[in-house]
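Enquirer: Here you go, protein34.cif (mmCIF, C-alpha atoms):
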data_query
loop_
_atom_site.label_atom_id
_atom_site.label_comp_id
_atom_site.auth_asym_id
_atom_site.auth_seq_id
_atom_site.Cartn_x
_atom_site.Cartn_y
_atom_site.Cartn_z
CA MET F 146 -25.31 -13.56 14.97
CA THR F 147 -28.33 -14.71 16.92
CA ILE F 148 -28.47 -11.33 18.61
CA LEU F 149 -30.19 -9.97 15.49
CA GLU F 150 -33.09 -12.43 15.83
CA ALA F 151 -34.90 -10.43 18.53
CA ALA F 152 -38.69 -10.62 18.76
CA SER F 153 -39.18 -6.91 19.37
CA PRO F 154 -37.20 -3.66 19.21
CA VAL F 155 -37.01 -3.51 23.00
CA ALA F 156 -35.93 -7.12 23.35
CA GLY F 157 -33.46 -6.58 20.52
CA ASP F 158 -31.88 -3.62 22.30
CA LEU F 159 -31.57 -5.60 25.52
CA THR F 160 -30.14 -8.63 23.74
CA ALA F 161 -27.69 -6.53 21.75
CA SER F 162 -26.57 -4.81 24.93
CA ALA F 163 -26.10 -8.12 26.71
CA GLY F 164 -24.30 -9.58 23.70
CA GLY F 165 -22.00 -6.57 23.59
CA GLU F 166 -21.09 -7.05 27.24
CA VAL F 167 -20.35 -10.75 26.62
CA ILE F 168 -18.06 -9.88 23.71
CA ALA F 169 -16.37 -7.13 25.70
CA ASP F 170 -15.66 -9.61 28.49
CA LYS F 171 -14.26 -12.29 26.16
CA GLU F 172 -10.88 -10.89 25.16
CA ASP F 173 -10.17 -13.46 22.45
CA VAL F 174 -13.47 -12.71 20.68
CA LEU F 175 -12.96 -8.96 21.07
CA SER F 176 -9.44 -9.24 19.67
CA GLU F 177 -10.67 -11.07 16.58
CA ILE F 178 -13.26 -8.34 15.94
CA LEU F 179 -10.80 -5.49 16.45
CA LEU F 180 -8.23 -7.15 14.21
CA ARG F 181 -10.63 -6.77 11.29
CA LEU F 182 -10.97 -2.98 11.66
CA PRO F 183 -9.04 -0.54 9.46
CA THR F 184 -6.33 1.34 11.33
CA LYS F 185 -8.25 4.63 11.48
CA TYR F 186 -11.24 3.08 13.28
CA LEU F 187 -9.01 0.89 15.44
CA LEU F 188 -7.31 4.01 16.83
CA GLN F 189 -10.73 5.48 17.64
CA CYS F 190 -11.56 2.32 19.60
CA CYS F 191 -8.67 3.10 21.95
CA CYS F 192 -10.94 5.73 23.51
CA VAL F 193 -13.73 3.28 24.41
CA SER F 194 -12.21 2.06 27.67
CA LYS F 195 -8.92 1.45 29.44
CA HIS F 196 -9.32 -2.26 28.71
CA TRP F 197 -9.68 -1.66 24.96
CA HIS F 198 -6.79 0.80 24.97
CA SER F 199 -4.57 -1.71 26.74
CA LEU F 200 -5.56 -4.50 24.35
CA ILE F 201 -4.99 -2.44 21.19
CA SER F 202 -1.70 -1.01 22.50
CA ALA F 203 -0.22 -4.43 23.28
CA PRO F 204 2.79 -5.21 21.01
CA HIS F 205 1.52 -8.67 20.02
CA PHE F 206 -1.86 -7.21 18.98
CA ARG F 207 -0.18 -4.46 16.92
CA ARG F 208 1.95 -7.04 15.13
CA ARG F 209 -1.06 -9.23 14.31
CA HIS F 210 -3.07 -6.26 13.04
CA CYS F 211 -0.19 -4.96 10.92
CA ARG F 212 0.47 -8.34 9.32
CA ARG F 213 -3.22 -8.90 8.65
CA HIS F 214 -3.56 -5.57 6.84
CA ALA F 215 -0.08 -5.38 5.29
CA SER F 216 -1.17 -6.50 1.82
CA THR F 217 -4.05 -4.00 1.66
CA SER F 218 -2.43 -1.03 3.37
CA ALA F 219 -1.81 2.05 1.28
CA ALA F 220 -0.32 5.40 2.15
CA THR F 221 -3.09 7.95 2.57
CA GLY F 222 -1.17 11.18 2.25
CA LEU F 223 1.94 13.30 2.60
CA LEU F 224 3.33 15.28 5.49
CA LEU F 225 4.79 18.41 3.93
CA PHE F 226 7.79 20.24 5.33
CA ARG F 227 8.71 23.69 4.12
CA THR F 228 12.15 25.24 4.42
CA PHE F 229 12.26 28.65 6.06
CA SER F 230 15.48 30.33 7.20
CA PHE F 231 17.30 26.98 6.99
CA LYS F 232 14.61 25.27 9.11
CA HIS F 233 12.30 22.46 8.05
CA LEU F 234 8.84 23.14 9.49
CA MET F 235 5.90 20.72 9.42
CA ASP F 236 3.30 22.59 7.45
CA HIS F 237 0.47 20.63 5.83
CA LEU F 238 -1.07 17.20 5.53
CA VAL F 239 -2.15 16.33 1.98
CA TYR F 240 -4.40 13.33 1.34
CA PHE F 241 -4.13 11.20 -1.77
CA PRO F 242 -7.40 10.86 -3.70
CA ASN F 243 -9.06 7.42 -3.39
CA ASN F 244 -6.68 6.35 -0.59
CA SER F 245 -8.16 8.51 2.18
CA ASN F 246 -11.33 8.08 4.18
CA ASP F 247 -11.72 11.86 4.23
CA LYS F 248 -13.11 12.56 0.75
CA ASN F 249 -14.15 16.14 1.55
CA CYS F 250 -10.75 17.50 2.51
CA TYR F 251 -7.60 16.77 0.57
CA SER F 252 -5.45 19.27 2.44
CA ARG F 253 -5.36 20.81 5.86
CA THR F 254 -2.97 22.32 8.35
CA ILE F 255 -1.29 19.60 10.36
CA PRO F 256 -3.22 19.03 13.62
CA SER F 257 -1.40 20.04 16.77
CA SER F 258 -1.66 16.41 17.95
CA ILE F 259 0.71 15.33 15.19
CA ARG F 260 3.26 17.87 16.38
CA ARG F 261 2.70 17.24 20.08
CA PHE F 262 6.06 16.31 21.46
CA HIS F 263 8.54 18.24 23.56
CA TYR F 264 10.80 20.59 21.62
CA PRO F 265 13.98 21.59 23.49
CA LEU F 266 14.13 25.27 24.33
CA ALA F 267 17.10 25.72 22.00
CA PHE F 268 15.29 24.04 19.08
CA SER F 269 16.03 25.79 15.79
CA GLY F 270 14.72 23.40 13.13
CA PHE F 271 14.65 19.89 11.71
CA HIS F 272 17.72 18.21 10.25
CA HIS F 273 18.40 14.88 8.51
CA LEU F 274 14.71 14.26 7.89
CA HIS F 275 13.73 10.71 6.81
CA SER F 276 10.61 8.55 6.98
CA CYS F 277 9.78 4.86 6.64
CA ASN F 278 6.41 3.08 6.88
CA GLY F 279 4.73 5.64 9.11
CA LEU F 280 7.67 6.62 11.32
CA LEU F 281 9.64 9.85 11.08
CA CYS F 282 13.31 10.13 12.00
CA PHE F 283 14.93 13.52 12.31
CA GLY F 284 17.39 15.58 14.27
CA LEU F 285 16.45 18.68 16.23
CA LEU F 286 19.14 21.29 15.84
CA LEU F 287 20.35 22.74 19.12
CA ALA F 288 22.74 25.63 19.67
CA PRO F 289 25.54 25.92 18.89
CA CYS F 290 25.97 22.78 16.73
CA GLU F 291 24.37 19.91 18.64
CA CYS F 292 21.74 17.56 17.28
CA ASN F 293 19.42 15.23 19.19
CA LEU F 294 17.80 12.45 17.17
CA TYR F 295 14.11 11.61 17.44
CA VAL F 296 12.01 8.77 16.07
CA TYR F 297 8.41 9.92 16.02
CA ASN F 298 5.08 8.18 15.33
CA PRO F 299 2.55 10.83 14.17
CA CYS F 300 -0.43 8.48 14.63
CA THR F 301 0.20 7.81 18.32
CA CYS F 302 2.14 11.01 19.08
CA SER F 303 4.81 8.87 20.76
CA TYR F 304 8.51 9.37 20.25
CA ALA F 305 11.93 8.15 21.33
CA SER F 306 15.00 10.36 21.67
CA LEU F 307 18.60 9.28 21.36
CA SER F 308 22.06 10.75 21.00
CA LEU F 309 24.85 9.97 18.60
CA PRO F 310 27.95 8.21 19.99
CA LYS F 311 30.40 10.69 21.48
CA LYS F 312 32.98 10.50 18.70
CA PHE F 313 30.36 11.48 16.09
CA SER F 314 28.99 14.95 15.50
CA LEU F 315 26.52 16.64 13.22
CA ALA F 316 29.40 17.72 10.96
CA THR F 317 30.54 14.13 10.31
CA ILE F 318 27.08 12.70 9.54
CA LYS F 319 26.32 12.73 5.82
CA ALA F 320 22.80 11.27 6.02
CA ILE F 321 20.41 9.40 8.32
CA ASN F 322 18.02 6.73 6.99
CA LEU F 323 15.31 4.84 8.87
CA ALA F 324 14.61 1.13 8.38
CA PHE F 325 11.25 -0.07 9.73
CA ASP F 326 8.95 -2.89 8.64
CA PRO F 327 6.00 -3.21 11.05
CA SER F 328 4.83 -6.40 9.36
CA ARG F 329 7.99 -8.14 10.58
CA SER F 330 8.96 -6.42 13.82
CA ASP F 331 8.13 -3.62 16.26
CA PHE F 332 11.77 -2.57 16.22
CA TYR F 333 13.55 -0.23 13.84
CA ARG F 334 17.09 0.54 12.76
CA ILE F 335 18.68 3.91 12.10
CA ILE F 336 21.38 3.89 9.44
CA CYS F 337 23.86 6.76 9.72
CA ILE F 338 26.27 7.41 6.88
CA TYR F 339 29.33 9.25 8.16
CA ALA F 340 32.45 10.72 6.58
CA TYR F 341 35.50 8.56 7.19
CA ASN F 342 38.93 10.16 7.23
CA SER F 343 41.76 7.66 7.10
CA GLU F 344 45.32 8.58 8.01
CA ASN F 345 46.55 5.51 6.15
CA ASP F 346 47.62 6.29 2.58
CA ASN F 347 47.17 2.62 1.69
CA ASP F 348 43.58 2.46 2.88
CA PRO F 349 41.65 0.40 0.27
CA PHE F 350 38.67 2.75 0.47
CA GLY F 351 40.68 5.80 -0.67
CA ASP F 352 39.31 9.37 -0.63
CA HIS F 353 35.69 10.49 -0.25
CA VAL F 354 34.83 7.47 1.87
CA TYR F 355 31.64 7.00 3.84
CA LYS F 356 30.93 4.27 6.36
CA ILE F 357 27.79 2.96 8.01
CA LEU F 358 26.78 3.24 11.66
CA ILE F 359 23.61 1.43 12.80
CA TYR F 360 21.35 2.00 15.81
CA ALA F 361 19.17 -0.96 16.89
CA SER F 362 16.07 0.02 18.87
CA GLU F 363 15.69 -3.43 20.46
CA SER F 364 19.03 -3.10 22.25
CA GLY F 365 19.33 0.69 22.32
CA THR F 366 22.93 0.49 21.07
CA TRP F 367 24.99 1.82 18.17
CA LYS F 368 27.30 -0.36 16.08
CA ASP F 369 29.95 0.74 13.62
CA THR F 370 29.66 -1.86 10.85
CA GLY F 371 32.98 -0.97 9.26
CA LYS F 372 31.29 -1.25 5.87
CA GLY F 373 32.23 1.56 3.52
CA PHE F 374 31.94 2.88 -0.01
CA ASN F 375 33.37 5.66 -2.15
CA ASP F 376 31.22 8.61 -3.01
CA LYS F 377 32.04 12.07 -4.37
CA TYR F 378 28.75 13.99 -4.32
CA ASP F 379 27.00 11.35 -6.42
CA TYR F 380 24.67 9.17 -4.34
CA LEU F 381 21.45 10.66 -3.01
CA LEU F 382 22.17 9.32 0.47
CA LYS F 383 19.51 11.40 2.25
CA ARG F 384 16.85 9.83 0.03
CA GLY F 385 17.54 6.16 0.78
CA VAL F 386 14.57 3.81 0.45
CA PHE F 387 14.01 0.79 2.71
CA SER F 388 12.39 -2.16 0.96
CA ARG F 389 12.67 -5.94 1.29
CA GLY F 390 15.17 -5.70 4.13
CA CYS F 391 17.60 -3.37 2.33
CA ILE F 392 18.32 0.33 2.17
CA HIS F 393 18.68 1.39 -1.47
CA TRP F 394 20.50 4.45 -2.79
CA VAL F 395 20.56 5.87 -6.30
CA GLY F 396 23.13 8.18 -7.88
CA GLU F 397 23.73 10.37 -10.88
CA ASN F 398 26.54 8.33 -12.42
CA LYS F 399 27.47 5.34 -10.28
CA PRO F 400 25.78 1.93 -10.03
CA PHE F 401 22.94 1.85 -7.52
CA LEU F 402 23.66 0.62 -3.99
CA ALA F 403 21.73 -1.81 -1.77
CA PHE F 404 22.67 -2.50 1.85
CA ASP F 405 21.20 -5.50 3.69
CA VAL F 406 20.43 -4.01 7.12
CA GLU F 407 20.00 -7.29 9.02
CA ASN F 408 23.14 -8.98 7.66
CA GLU F 409 25.15 -5.75 7.42
CA ARG F 410 26.45 -6.32 3.92
CA PHE F 411 26.09 -4.79 0.48
CA ARG F 412 24.21 -6.72 -2.18
CA THR F 413 24.14 -6.29 -5.93
CA MET F 414 21.26 -4.59 -7.68
CA PRO F 415 20.75 -3.40 -11.25
CA SER F 416 20.99 0.25 -12.24
CA THR F 417 19.15 2.32 -14.81
CA SER F 418 21.00 3.61 -17.88
CA VAL F 419 23.33 6.59 -17.48
CA PRO F 420 22.89 9.39 -20.06
CA GLU F 421 25.90 11.34 -21.25
CA ASN F 422 25.37 14.11 -18.68
CA GLY F 423 24.45 11.75 -15.85
CA ARG F 424 21.08 10.70 -14.48
CA LYS F 425 18.64 13.46 -13.55
CA ILE F 426 16.52 11.72 -10.92
CA CYS F 427 13.18 13.30 -10.09
CA TYR F 428 11.95 10.65 -7.65
CA PHE F 429 13.03 7.43 -5.98
CA GLY F 430 10.68 5.51 -3.72
CA ASP F 431 8.76 2.39 -2.80
CA TRP F 432 5.08 1.73 -3.43
CA GLY F 433 3.45 -1.57 -2.58
CA GLY F 434 6.80 -3.27 -2.08
CA ARG F 435 8.08 -2.23 -5.51
CA LEU F 436 10.90 0.24 -6.08
CA HIS F 437 10.39 3.03 -8.61
CA VAL F 438 12.72 5.59 -10.17
CA ILE F 439 11.60 8.58 -12.19
CA GLN F 440 14.44 10.08 -14.21
CA GLU F 441 14.87 12.23 -17.29
CA CYS F 442 14.74 10.24 -20.49
CA ASP F 443 18.13 9.57 -22.08
CA SER F 444 16.78 10.30 -25.56
CA GLY F 445 17.96 13.90 -25.32
CA ALA F 446 14.49 15.40 -24.79
CA ALA F 447 14.74 17.16 -21.44
CA SER F 448 10.97 17.39 -21.05
CA LEU F 449 10.47 13.59 -21.06
CA VAL F 450 10.79 11.49 -17.91
CA ASP F 451 10.75 7.70 -17.58
CA VAL F 452 8.94 5.89 -14.77
CA MET F 453 10.97 2.75 -14.09
CA GLU F 454 10.08 -0.22 -11.85
CA LEU F 455 12.53 -2.73 -10.37
CA GLN F 456 11.58 -6.37 -10.89
CA ILE F 457 10.88 -8.32 -7.69
CA ASP F 458 13.81 -10.65 -8.39
CA TYR F 459 16.20 -7.68 -8.79
CA SER F 460 16.91 -8.77 -12.36
CA LYS F 461 16.32 -5.44 -14.14
CA TRP F 462 14.49 -2.11 -14.27
CA SER F 463 11.46 -2.03 -16.58
CA LEU F 464 9.98 1.05 -18.24
CA LYS F 465 6.38 1.55 -17.09
CA TYR F 466 5.55 5.01 -18.42
CA ARG F 467 7.09 7.89 -20.34
CA ILE F 468 5.67 11.28 -19.38
CA ASP F 469 6.04 14.69 -21.00
CA ILE F 470 6.63 17.15 -18.16
CA ASP F 471 6.10 20.10 -20.51
CA TYR F 472 2.62 18.73 -21.26
CA LEU F 473 1.91 18.66 -17.52
CA GLY F 474 3.10 22.25 -17.20
CA MET F 475 0.86 23.41 -20.06
CA GLY F 476 -2.11 21.46 -18.69
CA ILE F 477 -1.72 22.98 -15.23
CA GLY F 478 -0.87 26.48 -16.44
CA GLY F 479 -3.61 26.56 -19.06
CA ASN F 480 -1.42 28.10 -21.75
CA ALA F 481 1.25 27.16 -24.26
CA ASP F 482 4.08 28.54 -22.13
CA GLY F 483 3.43 26.13 -19.29
CA ILE F 484 4.87 26.32 -15.78
CA LYS F 485 7.59 24.55 -13.80
CA VAL F 486 6.47 21.21 -12.39
CA ASP F 487 8.22 19.26 -9.61
CA VAL F 488 7.54 15.57 -9.06
CA LEU F 489 6.79 14.68 -5.42
CA CYS F 490 5.94 10.98 -5.58
CA LEU F 491 4.26 8.14 -7.41
CA VAL F 492 1.16 6.48 -5.91
CA GLU F 493 -1.46 3.94 -6.85
CA ALA F 494 -5.12 4.46 -5.99
CA ASN F 495 -6.13 1.87 -3.42
CA GLY F 496 -8.21 -0.86 -5.06
CA GLU F 497 -8.66 1.03 -8.34
CA GLY F 498 -5.49 0.13 -10.21
CA LYS F 499 -4.79 3.76 -11.13
CA THR F 500 -1.26 5.15 -11.10
CA MET F 501 -0.92 8.81 -10.21
CA LEU F 502 1.91 11.28 -10.17
CA ILE F 503 1.77 13.76 -7.28
CA VAL F 504 3.31 17.05 -8.42
CA SER F 505 3.73 20.60 -7.16
CA ALA F 506 3.38 23.68 -9.36
CA GLN F 507 2.84 27.37 -8.57
CA GLY F 508 2.18 26.71 -4.89
CA ARG F 509 -0.38 23.99 -5.65
CA ILE F 510 -0.22 20.24 -5.22
CA LEU F 511 -1.99 18.14 -7.81
CA SER F 512 -2.45 14.49 -8.76
CA TYR F 513 -2.01 13.48 -12.38
CA ASP F 514 -3.63 10.28 -13.61
CA ILE F 515 -0.95 8.85 -15.92
CA VAL F 516 -3.39 6.75 -17.94
CA ASP F 517 -6.38 9.10 -18.19
CA LYS F 518 -4.11 12.20 -18.37
CA THR F 519 -6.34 14.15 -16.00
CA PHE F 520 -5.49 16.47 -13.11
CA GLU F 521 -7.00 16.91 -9.68
CA GLU F 522 -5.98 19.67 -7.30
CA LEU F 523 -5.19 18.47 -3.77
CA SER F 524 -3.87 21.56 -2.06
#
Write out the structure in this file as C-alpha cells.
Expert:
Amino acid sequence: MTILEAASPVAGDLTASAGGEVIADKEDVLSEILLRLPTKYLLQCCCVSKHWHSLISAPHFRRRHCRRHASTSAATGLLLFRTFSFKHLMDHLVYFPNNSNDKNCYSRTIPSSIRRFHYPLAFSGFHHLHSCNGLLCFGLLLAPCECNLYVYNPCTCSYASLSLPKKFSLATIKAINLAFDPSRSDFYRIICIYAYNSENDNDPFGDHVYKILIYASESGTWKDTGKGFNDKYDYLLKRGVFSRGCIHWVGENKPFLAFDVENERFRTMPSTSVPENGRKICYFGDWGGRLHVIQECDSGAASLVDVMELQIDYSKWSLKYRIDIDYLGMGIGGNADGIKVDVLCLVEANGEGKTMLIVSAQGRILSYDIVDKTFEELS
C-alpha cells in the first residue's frame, strides 16, 4: 500500500491514520480485510466499534467468512464434561497441540463466558449432550422430569431455547443429535430419536422401533418424519456424527446407518467387519470431512485397535492404522503393567500432516503421535 511510502515517521503516522480512517469508512474494503482474518482475531475485532461489531455479526458476512476458511479450519480443542451425581458439568477446555494459537496453555478451567447463559432455578444437570461444528445441543433437566432443550454457541455466548412437542417427553426420547454445517447455512436441525410403541400387531417395523423427529431452526417447527428403524440396544444413537449432509450411526452388530437430513430418507453406507462377539467401538467421529471409526481388531487380540476411514464415495472402509493399546498404557504408566487407556478422539495437526490420538489415562489427557509413537501431556 502507498501508505507505507511515507517520507518521515511523523508523516507516516499521519498517513497511516488517515488511511485507516478511509478503510474504516469504506465498508466493502473493510469487509475484504476482515474476511481474511482467522476466527479468533475476527472475534476480537468485534470490540473495536459498534460499526465493526454490526458488520462482523451480519449473517451474510458470517457465511462468507465461514466458507472462505472452511477448508483450512481445524478444531482447536475439547470441551470436557464430567459426570457427578448423574449430572454432566462443563469442567475443562483442552487445546490440541499445533491446532491452537495458545501454545503456552493446553488446559484450563472453562472461562465463565463460555458458561454464561441463564440456568433455570430448577436446573439439575445436562442431558442428551451432543455437538456439531462448534454448536452444543443439550437438555437442562428440570424437576420433576421436564427437559428444556438449548442450542448454545460457546464462542458468542448466544443460545436458543426450545421445547419438545407436547406429546413427547424426556422418557420417550432415546437420543438427540445436532446437524449444523456453517459453510452451507446459518440454520441447524435437531434430530430426535424417539421410542415408537405401535398398537398394531401387523406394524412392519415390529418391536424395539425408533422413529425420527426433526426440528428446523429456520422455521422454528418440529416435524415427525415417520421414518423408523429397528434397534435393540445396538446402535450408538447418542453418538451420531453429522457429515456430508447425513447423520451417521454405528452399532455393535448391525449394519451402519446413514440418514439424509435434508431429504429425510435413509441411504446406504458400508459397515466395518463384525467380530464374533460384536464390534467394540472406541471412537466414531468426523475429521476434515472424513468419517473415522476406531474399533477393537477382529484378530482376537483385545489390545489391538484399528483406525478405519470411510472413503469419500462411501464405497468402503479402509484401514489406516493398527494401534496396540497395551503399548500406550505401558508408555504412559512407565512400567510393564501399564494402565487403562480410554480413546477420546482422533485429530490431525493443522498444516503438519500428523495424526494424533487423544487419550485419557489416570486423570490425565495426552496426545499420542501415531507415526512417531510419542506422547505429550495436555491436561
Enquirer: Interatomic distance between atom CA of Lys195 of chain F and atom CA of Ser328 of chain F?
Expert: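 Distance reported for this atom pair: 25.6 Å.
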Enquirer: Just the residues within 8 Å of segment 412-424 of chain F, please, counting all atoms listed in the file, with nothing from its chain fewer than 4 positions along; format it as a list in words.
Expert: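 The residues that qualify are Gly396, Glu397, Asn398, Pro400, Phe401, Leu402, Ala403, Phe404, Asp405, Gln440, Glu441, Asp443, Tyr459, Ser460, Lys461 and Trp462 of chain F.
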Enquirer: Under the rule that only C-alpha atoms are counted, which of F:Tyr186, F:Tyr513, F:Phe325, F:Tyr333 is the nearest residue to Asn278 of chain F?
Expert: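 Ranked by minimum distance to Asn278 of chain F, first place goes to F:Phe325.
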Enquirer: Could you write out as a PyMOL selection string the residues that the PyMOL selection byres ((chain F and resi 198-206) around 12) matches in the shown file?
Expert: chain F and resi 169+171-182+184+186-197+207-213+301+303+327-332
Enquirer: If I take atom CA of Leu523 of chain F and atom CA of Asn298 of chain F, how far is one from the other in Å, to one decimal?
Expert: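 According to the coordinates, atom CA of Leu523 of chain F and atom CA of Asn298 of chain F are separated by 24.0 Å.
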Enquirer: Translate the PyMOL selection byres ((chain F and resi 368-377) around 6), as applied to the file shown, into an explicit residue set as number ranges by chain.
Expert: F: 353-359, 367, 378-379
Enquirer: Any chance you can output those residues with C-alpha atoms as a short mmCIF file (atom, residue, chain, number, x, y, z; two decimals), keeping the file's coordinate frame?
Expert:
data_model
loop_
_atom_site.label_atom_id
_atom_site.label_comp_id
_atom_site.auth_asym_id
_atom_site.auth_seq_id
_atom_site.Cartn_x
_atom_site.Cartn_y
_atom_site.Cartn_z
CA HIS F 353 35.69 10.49 -0.25
CA VAL F 354 34.83 7.47 1.87
CA TYR F 355 31.64 7.00 3.84
CA LYS F 356 30.93 4.27 6.36
CA ILE F 357 27.79 2.96 8.01
CA LEU F 358 26.78 3.24 11.66
CA ILE F 359 23.61 1.43 12.80
CA TRP F 367 24.99 1.82 18.17
CA TYR F 378 28.75 13.99 -4.32
CA ASP F 379 27.00 11.35 -6.42
#
Enquirer: Can you tell me, as a PyMOL selection string, what residues are no more than 12 Å from Gly385 of chain F when counting all atoms listed in the file, ignoring any on the same chain fewer than 5 positions away?
Expert: chain F and resi 273-277+320-324+335-338+380+391-396+401-404+428-431+436+438
Enquirer: Could you tell me how far atom CA of Phe520 of chain F lies from atom CA of Asp471 of chain F, in Å and to one decimal?
Expert: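 Separation of atom CA of Phe520 of chain F and atom CA of Asp471 of chain F: 14.2 Å.
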Enquirer: Model the absent atoms of segment 365-377 of chain F so that N, CA and C atoms are present, and write the result as a CSV table (one decimal), in the coordinates of the input.
Expert:
chain,number,residue,atom,x,y,z
F,365,GLY,N,19.0,-0.7,22.0
F,365,GLY,CA,19.3,0.7,22.3
F,365,GLY,C,20.8,1.0,22.2
F,366,THR,N,21.5,0.3,21.2
F,366,THR,CA,22.9,0.5,21.1
F,366,THR,C,23.3,0.8,19.6
F,367,TRP,N,24.4,1.5,19.5
F,367,TRP,CA,25.0,1.8,18.2
F,367,TRP,C,26.1,0.8,17.8
F,368,LYS,N,26.2,0.5,16.5
F,368,LYS,CA,27.3,-0.4,16.1
F,368,LYS,C,27.9,0.2,14.8
F,369,ASP,N,29.2,0.3,14.8
F,369,ASP,CA,30.0,0.7,13.6
F,369,ASP,C,30.2,-0.5,12.8
F,370,THR,N,29.6,-0.6,11.6
F,370,THR,CA,29.7,-1.9,10.8
F,370,THR,C,31.0,-2.0,10.2
F,371,GLY,N,31.7,-0.9,10.0
F,371,GLY,CA,33.0,-1.0,9.3
F,371,GLY,C,32.8,-1.1,7.8
F,372,LYS,N,31.6,-1.2,7.3
F,372,LYS,CA,31.3,-1.2,5.9
F,372,LYS,C,31.4,0.1,5.3
F,373,GLY,N,32.1,0.2,4.1
F,373,GLY,CA,32.2,1.6,3.5
F,373,GLY,C,32.1,1.5,2.0
F,374,PHE,N,32.0,2.7,1.4
F,374,PHE,CA,31.9,2.9,0.0
F,374,PHE,C,32.5,4.3,-0.4
F,375,ASN,N,32.9,4.4,-1.6
F,375,ASN,CA,33.4,5.7,-2.2
F,375,ASN,C,32.2,6.5,-2.7
F,376,ASP,N,32.3,7.7,-2.5
F,376,ASP,CA,31.2,8.6,-3.0
F,376,ASP,C,31.7,10.0,-3.1
F,377,LYS,N,31.6,10.7,-4.2
F,377,LYS,CA,32.0,12.1,-4.4
F,377,LYS,C,30.8,12.8,-4.9
